[in-house]
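**Q** Please read through the structure below; I'll follow up with questions.
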There are 2 protein chains.
Amino acid sequence: MKLRIDQQNLINAVNIVSKAVPSKTSMSILECILIDADTEKIRMIANDMEFGIETSVQGTIEDHGIIAIDAGIFGNIVRKLPAGEVILRSEGEQVEISCGQAVFNILGRDGHDFPYLPEIEKENGIEISQFTLRDVISRTIFSVSTNDTNKMMTGELFEIQDQTLRVVALDGHRISIRTVGLARSYDNRKVIIPGKSLSELCKILSGDMEKKAGIYFTQKHALFSFDDTIVVTRLIEGEYFNIDQMLSTQYSTHVSVNRQEFLSCLDRAILLVKEEDKKPIVLMIKQDTMGIKIRTALGRMDEDIAITNDGEDLNIGFNPRFLLDALRAIDEENIDIYLMNSRAPAFIRNDSTFCYLVLPVNFISV
Amino acid sequence: MKLRIDQQNLINAVNIVSKAVPSKTSMSILECILIDADTEKIRMIANDMEFGIETSVQGTIEDHGIIAIDAGIFGNIVRKLPAGEVILRSEGEQVEISCGQAVFNILGRDGHDFPYLPEIEKENGIEISQFTLRDVISRTIFSVSTNDTNKMMTGELFEIQDQTLRVVALDGHRISIRTVGLARSYDNRKVIIPGKSLSELCKILSGDMEKKAGIYFTQKHALFSFDDTIVVTRLIEGEYFNIDQMLSTQYSTHVSVNRQEFLSCLDRAILLVKEEDKKPIVLMIKQDTMGIKIRTALGRMDEDIAITNDGEDLNIGFNPRFLLDALRAIDEENIDIYLMNSRAPAFIRNDSTFCYLVLPVNFISV
């Protein structure tokens, strides 16, 4: 194999596919990036068996071939090469990477041992801007469970209904929901996509409104296609939780509050909470102020912030981190919080695009 | 005690003194910052018993007093307070920190248990700009030994001779020397200052040429005085190595090379060197090129760079990290390297301000 690729294009491609290289694996070939120049295209592939990334790189193929190279070493080398045209040559498992006066020789592995991504037809896909896709994922993904006990909670629900996409993440203590409109109506579909695949996908999606991504589904896989890249992920099988049953629009207390002010206050409060600590923050909601109190082994904090409440007074306790996560996922200057009583969830929501549900926790009156 | 201090002043002072709070200590009081408002000044002090920092903070003393507060918690709190005037109040060991609507209550400790810094007279000091002091330390400190076996090597020699200050660090494999002129002549003096104290000092010195620092010595301590801050450190006792005996101006090979080009090449080469690996880089010096070669378990790299050599050809091996450290400590566009043979040290030096000596290592011919 002999290829000529501009260094910057090579770096970009390596950065993209590296997101699918597992940090720990018992199959050492998966620590490699596959460079496949067997056809008329230079393709780079990484695959952690749950999800994989393939991207095509601009360059010249002088000799066809295929080789797998350790992703860590290869990435380090291409990033440190002088700017210019990189010549990538392989002969058996010997790989030569040269650019300008610098010549590296390292050992690759037989590319035929590398597992290709499953073939997925690009049919009946939905189209969405890369910006929007990244946005809905990043504003919900923090709510997936990192604990494997309930597999379903480690994924996000992607629910397509007519002209909307609803993305849902929940971990048993909170639910995060984002809804976006689609350009046209699609067939209804519900799939559960592993959270880990979505986090990595987010890192390589562009923040450009104008750039599109296509999403395609089979029974077992989802495929995201954008720019010169495809990301294929397995789906989590099974029936997702019945979300609508958990949502309620009833409330007896309705707080409007400046988001940044509430956020800064919570940010201060968690200074007193150690990692393993489960001390609640107590909100003492009155008509035009909300008292915020926390007591931990380190000390206590008390603060009052201005609000408007067009419902009843209420004292309620929360895990402050869950409130913080939700507030950070919102851009609005003012937010509305709907509450029922001290044992019912709080809803931070607007009319149509987001809903963050946080379950309260018990607290000893302070 | 009751104090009023602007939040930004308080943050600055905490950031400064925190550099002397030990990360590990068996004396838990040392994890605190002492706030001493017993006199007409608000002083903040931290002390790890080897070195200590004291700074005075602008503010109003409404009630005199003294209290020690855990540095970590106190720092976190003051950094997250809203901007404005912070009121710091203590009653026994209870501390209240309030700003705007936010009120923290934490437990402090009796300030009288806190060890004050040793009293040092500011007499017969030398004066130097903070910029220069920071500069000579940061361009040599990487050569102190991090290994405690030879205590002397963990410090830097500060040698004052007439109108110059020479700063020397060595670890048995290399020597780094910086020399600066002083504004006037001083009494000759040689002291060894712990490397750790100097690293922390560097972090709080200003990069301003116009701002001065005073340096004062006693038999056992050095004191650095600048802005509203003093840093006191113990000295390492004993006689430092005879440096001048190790330096030589003889050479048979003299290489001039573009520093950045050489540095980039070494930077690439160490990609193939794992942390624990001791593989040398081999320089093959000819008249107008220098071949740079490295062979490790990961692969090999070969590169040629343009040089001028007005001496003999030479093949010589080095630990690439030591060359890198020296090159990074120099600003000059071109550097001169003086060599004798493959068993004698290389000198990277200019006429008067710096000298970096690196010992060669054996290599198997490549």
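Starting from 1 in every chain, residues are counted up; chains themselves are A, B, ... following the order of the structure tokens, and ligands are numbered from 1 as listed.
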As number ranges by chain, which residues of region 238-335 of chain B does DSSP assign to strand (DSSP E)?

**A** B: 253-258, 281-285, 289-296, 299-309, 314-318, 334-335

**Q** Keeping N, CA and C atoms for every residue in the selection just given, could you write it to a file as a CSV table (one decimal), in the first residue's frame?

**A**
chain,number,residue,atom,x,y,z
B,253,THR,N,33.8,19.7,18.3
B,253,THR,CA,32.7,19.7,17.4
B,253,THR,C,31.8,20.9,17.8
B,254,HIS,N,31.4,21.7,16.9
B,254,HIS,CA,30.6,22.9,17.3
B,254,HIS,C,29.4,23.0,16.3
B,255,VAL,N,28.2,22.7,16.8
B,255,VAL,CA,27.0,22.6,15.9
B,255,VAL,C,26.2,23.9,16.1
B,256,SER,N,25.8,24.5,15.0
B,256,SER,CA,24.8,25.6,15.1
B,256,SER,C,23.6,25.1,14.4
B,257,VAL,N,22.4,25.2,15.1
B,257,VAL,CA,21.2,24.6,14.6
B,257,VAL,C,20.0,25.5,14.9
B,258,ASN,N,19.0,25.4,14.1
B,258,ASN,CA,17.8,26.1,14.4
B,258,ASN,C,17.1,25.4,15.5
B,281,ILE,N,18.6,8.8,22.0
B,281,ILE,CA,18.5,9.3,20.6
B,281,ILE,C,20.0,9.5,20.2
B,282,VAL,N,20.2,9.1,18.9
B,282,VAL,CA,21.6,9.2,18.4
B,282,VAL,C,21.7,10.4,17.4
B,283,LEU,N,22.6,11.2,17.7
B,283,LEU,CA,22.9,12.4,16.8
B,283,LEU,C,24.1,12.0,15.9
B,284,MET,N,24.0,12.0,14.6
B,284,MET,CA,25.1,11.7,13.7
B,284,MET,C,25.5,13.0,13.0
B,285,ILE,N,26.4,13.7,13.7
B,285,ILE,CA,26.8,15.1,13.3
B,285,ILE,C,27.8,15.0,12.1
B,289,THR,N,24.8,18.5,7.9
B,289,THR,CA,23.6,17.9,8.4
B,289,THR,C,23.8,17.1,9.7
B,290,MET,N,22.7,16.9,10.4
B,290,MET,CA,22.7,16.1,11.6
B,290,MET,C,21.6,15.1,11.4
B,291,GLY,N,22.0,13.8,11.4
B,291,GLY,CA,21.0,12.7,11.4
B,291,GLY,C,20.6,12.4,12.8
B,292,ILE,N,19.3,12.2,12.9
B,292,ILE,CA,18.7,12.0,14.3
B,292,ILE,C,18.0,10.7,14.2
B,293,LYS,N,18.4,9.7,15.0
B,293,LYS,CA,17.9,8.4,14.9
B,293,LYS,C,17.5,7.9,16.3
B,294,ILE,N,16.4,7.1,16.3
B,294,ILE,CA,16.0,6.5,17.5
B,294,ILE,C,15.4,5.1,17.2
B,295,ARG,N,15.7,4.1,18.0
B,295,ARG,CA,15.1,2.7,17.8
B,295,ARG,C,14.5,2.3,19.1
B,296,THR,N,13.3,2.0,19.2
B,296,THR,CA,12.7,1.5,20.4
B,296,THR,C,11.8,0.3,20.1
B,299,GLY,N,9.2,1.1,17.4
B,299,GLY,CA,9.5,1.4,16.0
B,299,GLY,C,10.8,2.2,15.9
B,300,ARG,N,11.0,2.8,14.8
B,300,ARG,CA,12.2,3.7,14.7
B,300,ARG,C,11.9,4.9,13.9
B,301,MET,N,12.7,6.0,14.2
B,301,MET,CA,12.5,7.2,13.5
B,301,MET,C,13.9,7.7,13.0
B,302,ASP,N,13.9,8.2,11.8
B,302,ASP,CA,15.1,8.8,11.2
B,302,ASP,C,14.8,10.1,10.6
B,303,GLU,N,15.6,11.1,10.9
B,303,GLU,CA,15.4,12.4,10.3
B,303,GLU,C,16.7,13.1,10.2
B,304,ASP,N,16.9,13.9,9.1
B,304,ASP,CA,18.1,14.7,8.9
B,304,ASP,C,17.7,16.2,9.0
B,305,ILE,N,18.5,17.0,9.8
B,305,ILE,CA,18.2,18.4,9.8
B,305,ILE,C,19.5,19.1,9.4
B,306,ALA,N,19.3,20.3,8.9
B,306,ALA,CA,20.4,21.1,8.4
B,306,ALA,C,21.1,21.8,9.6
B,307,ILE,N,22.4,21.8,9.6
B,307,ILE,CA,23.2,22.4,10.7
B,307,ILE,C,24.4,23.1,10.0
B,308,THR,N,25.2,23.8,10.8
B,308,THR,CA,26.6,24.0,10.4
B,308,THR,C,27.5,23.5,11.5
B,309,ASN,N,28.6,22.9,11.1
B,309,ASN,CA,29.5,22.3,12.1
B,309,ASN,C,30.9,22.8,11.7
B,314,LEU,N,30.8,13.6,14.4
B,314,LEU,CA,30.7,12.9,15.7
B,314,LEU,C,29.3,12.2,15.8
B,315,ASN,N,29.3,11.0,16.3
B,315,ASN,CA,28.1,10.3,16.6
B,315,ASN,C,28.0,10.2,18.1
B,316,ILE,N,26.9,10.6,18.7
B,316,ILE,CA,26.7,10.7,20.1
B,316,ILE,C,25.3,10.5,20.5
B,317,GLY,N,25.1,9.8,21.7
B,317,GLY,CA,23.7,9.4,22.1
B,317,GLY,C,23.3,10.2,23.4
B,318,PHE,N,22.1,10.6,23.4
B,318,PHE,CA,21.5,11.3,24.6
B,318,PHE,C,20.2,10.8,25.0
B,334,ASN,N,18.6,30.4,17.0
B,334,ASN,CA,19.6,29.4,16.8
B,334,ASN,C,20.4,29.2,18.0
B,335,ILE,N,20.8,27.9,18.2
B,335,ILE,CA,21.6,27.6,19.4
B,335,ILE,C,22.9,27.0,18.9

**Q** I need the chain B residues near chain A as a PyMOL selection string; criterion: at most 10 Å, counting only C-alpha atoms.

**A** chain B and resi 72-74+76-82+94-107+261+264-265+267-272+291-305

**Q** Taking C-alpha atoms for each residue, export the selection above as a short mmCIF file (atom, residue, chain, number, x, y, z; two decimals), in the first residue's frame.

**A**
data_model
loop_
_atom_site.label_atom_id
_atom_site.label_comp_id
_atom_site.auth_asym_id
_atom_site.auth_seq_id
_atom_site.Cartn_x
_atom_site.Cartn_y
_atom_site.Cartn_z
CA GLY B 72 -9.54 23.99 50.52
CA ILE B 73 -13.03 24.82 51.74
CA PHE B 74 -12.25 28.49 52.32
CA ASN B 76 -13.68 27.14 47.17
CA ILE B 77 -16.16 29.30 49.02
CA VAL B 78 -14.52 32.68 48.36
CA ARG B 79 -14.07 31.85 44.66
CA LYS B 80 -17.76 31.03 44.27
CA LEU B 81 -19.16 33.97 46.24
CA PRO B 82 -20.96 36.63 44.25
CA GLN B 94 -17.46 29.36 64.29
CA VAL B 95 -16.80 31.21 61.05
CA GLU B 96 -19.44 33.03 59.03
CA ILE B 97 -18.60 34.08 55.49
CA SER B 98 -21.24 36.17 53.82
CA CYS B 99 -21.53 38.14 50.63
CA GLY B 100 -24.75 39.51 49.18
CA GLN B 101 -27.52 37.06 50.09
CA ALA B 102 -25.18 34.09 50.49
CA VAL B 103 -24.21 33.08 54.02
CA PHE B 104 -21.82 30.22 54.79
CA ASN B 105 -21.17 28.88 58.26
CA ILE B 106 -18.21 26.59 58.73
CA LEU B 107 -15.99 25.45 61.57
CA GLU B 261 13.63 22.55 14.05
CA SER B 264 10.25 19.53 16.77
CA CYS B 265 12.40 16.63 15.68
CA ASP B 267 9.42 15.99 20.07
CA ARG B 268 8.58 13.49 17.34
CA ALA B 269 11.33 11.12 18.40
CA ILE B 270 10.07 10.77 21.98
CA LEU B 271 6.73 9.51 20.66
CA LEU B 272 8.52 6.18 20.35
CA GLY B 291 21.04 12.71 11.35
CA ILE B 292 18.74 12.00 14.28
CA LYS B 293 17.89 8.36 14.91
CA ILE B 294 15.98 6.47 17.52
CA ARG B 295 15.13 2.74 17.80
CA THR B 296 12.68 1.49 20.41
CA ALA B 297 10.27 -1.37 20.94
CA LEU B 298 7.59 0.72 19.22
CA GLY B 299 9.53 1.37 16.02
CA ARG B 300 12.19 3.66 14.68
CA MET B 301 12.50 7.21 13.46
CA ASP B 302 15.12 8.77 11.21
CA GLU B 303 15.41 12.40 10.32
CA ASP B 304 18.06 14.72 8.90
CA ILE B 305 18.23 18.39 9.77
#

**Q** As a list in words, please: every residue in region 85-264 of chain B that a backbone DSSP assignment puts in alpha helix (DSSP H).

**A** Gln130, Phe131, Thr132, Leu133, Arg134, Asp135, Val136, Ile137, Ser138, Gly195, Lys196, Ser197, Leu198, Ser199, Glu200, Leu201, Cys202, Lys203, Ile204, Arg259, Gln260, Glu261, Phe262, Leu263 and Ser264 of chain B

**Q** Applying 7 Å and only C-alpha atoms, which residues near region 170-175 of chain B remain after dropping the ones on its own chain fewer than 6 positions away? List them as JSON, numbers by chain.

**A** {"B": [143, 144, 145, 153, 356, 357, 358, 359]}

**Q** Calculate how many Å separate CA of Ile69 (chain A) from CA of Val231 (chain A), rounding to one decimal.

**A**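 Between these atoms lies a distance of 19.9 Å.
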
**Q** With distances taken over only C-alpha atoms, which of A:Gln7, A:Asp288, A:Phe354, A:Gly207 is nearest to Val180 (chain A)?

**A** A:Phe354

**Q** In terms of the shortest atom-to-atom distance over only C-alpha atoms, which of A:Ile192, A:Cys355, A:Ala71, A:Gly311 is closest to Arg109 (chain A)?

**A** A:Ala71

**Q** In Å, with one decimal, what is the gap from CA of Ser23 (chain A) to CA of Arg328 (chain A)?

**A**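 CA of Ser23 (chain A) sits 28.5 Å away from CA of Arg328 (chain A).
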
**Q** Work out how far CA of Arg259 (chain A) is from CA of Ile348 (chain A), in Å to one decimal.

**A** 10.8 Å

**Q** Write out as a list in words the residues lying within 6 Å of region 187-191 of chain A, counting only C-alpha atoms and excluding same-chain residues fewer than 3 positions away.

**A**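 Non-adjacent residues within range: Leu157, Phe158, Glu159, Ile160 and Gln161 of chain A.
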
**Q** So which one's closest to Lys279 (chain B), B:Asn341, B:Thr249, B:Phe363, B:Glu91? Using only C-alpha atoms, please.

**A**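 Of B:Asn341, B:Thr249, B:Phe363, B:Glu91, the one nearest Lys279 (chain B), counting only C-alpha atoms, is B:Phe363.
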